[in-house]
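Structure, as structure tokens:
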Amino acid sequence: MGVYLYRINEDFVHKSAITGRKFENEWMKLEEDGTVTINGTYKGGYCWDGCSPKGKVFDVCLGTPEAVLNAETGVSKTYHASLVHDVFYQFTKELRAIVKRKEVDQEFYSILKKNNFRSAKLYYGFVRALGWKSWYRK
């Protein structure tokens with residue numbers, strides 16, 4: 001559909017609870033200590049749609065609302081959670097042999113809670129209920 005709300009132009013590094021596994025491609029790297037690096041310099045930067053699902057009508061984006069601005073980070077309270085979640089889900093075909101969907105969803109929830117997103121449980125519930133469609137799509 002081509003609905004992208006966000007783009008990073010520099011690498012984003014996140015310390016996850018997903019440890020003991022390694023993976024690397026041109027867009028992301030997972031190290032054994034849980035460090036996730038998302039490549040923001042490859043092909044103009046990593047793009048994603050924020051919290052899914054999203055759709056567009058003309059130039060209007062419709063779908064799951066993004067959160068209010070986090071005063072500490074300067075971005076939406078859902079921004080980093082959706083970034084990490086989306087990059088894992090994008091590469092499920094390669095990752096699901098070593099990473100469980102529940103781990104990725106819990107990482108999403110953990111980041112939302114860290115950002116004091118009051119609807120974290122609701123968003124996590126939807127990810128758990130509907131995320132399987134994307135995780136097993138390939």
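Within each chain, counting starts at residue 1; across the structure tokens, chains are named A, B, ... in the order shown, with ligands numbered 1 upward in that order.
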>> So that I can check the surroundings of range 20-26 of chain A, please list as an MDAnalysis selection string every protein, DNA and RNA residue that reaches within 12 Å of it, counting only C-alpha atoms and ignoring chain neighbours fewer than 2 positions away.
In response: chainID A and resid 11 16:18 28:43 45:46 87:88 90:92 94:100
>> Could you list, as an MDAnalysis selection string, every residue within 12 Å of range 52-69 of chain A, counting only C-alpha atoms and ignoring same-chain residues fewer than 3 positions away?
In response: chainID A and resid 1:6 48:49 72:83 85:86 89 112 115:120 122:124 126:127 130:131 133:134
> To one decimal place, how far is CA of Gly44 in chain A from CA of Trp27 in chain A in Å?
Replying inline: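 Rounded to one decimal, the two atoms are 11.3 Å apart.
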>> Give me, as a PyMOL selection string, the residues of range 9-115 of chain A that a backbone DSSP run labels strand (DSSP E or B).
In response: chain A and resi 12-15+23-24+28-30+35-38+47-48+54-57+60-63+69+76
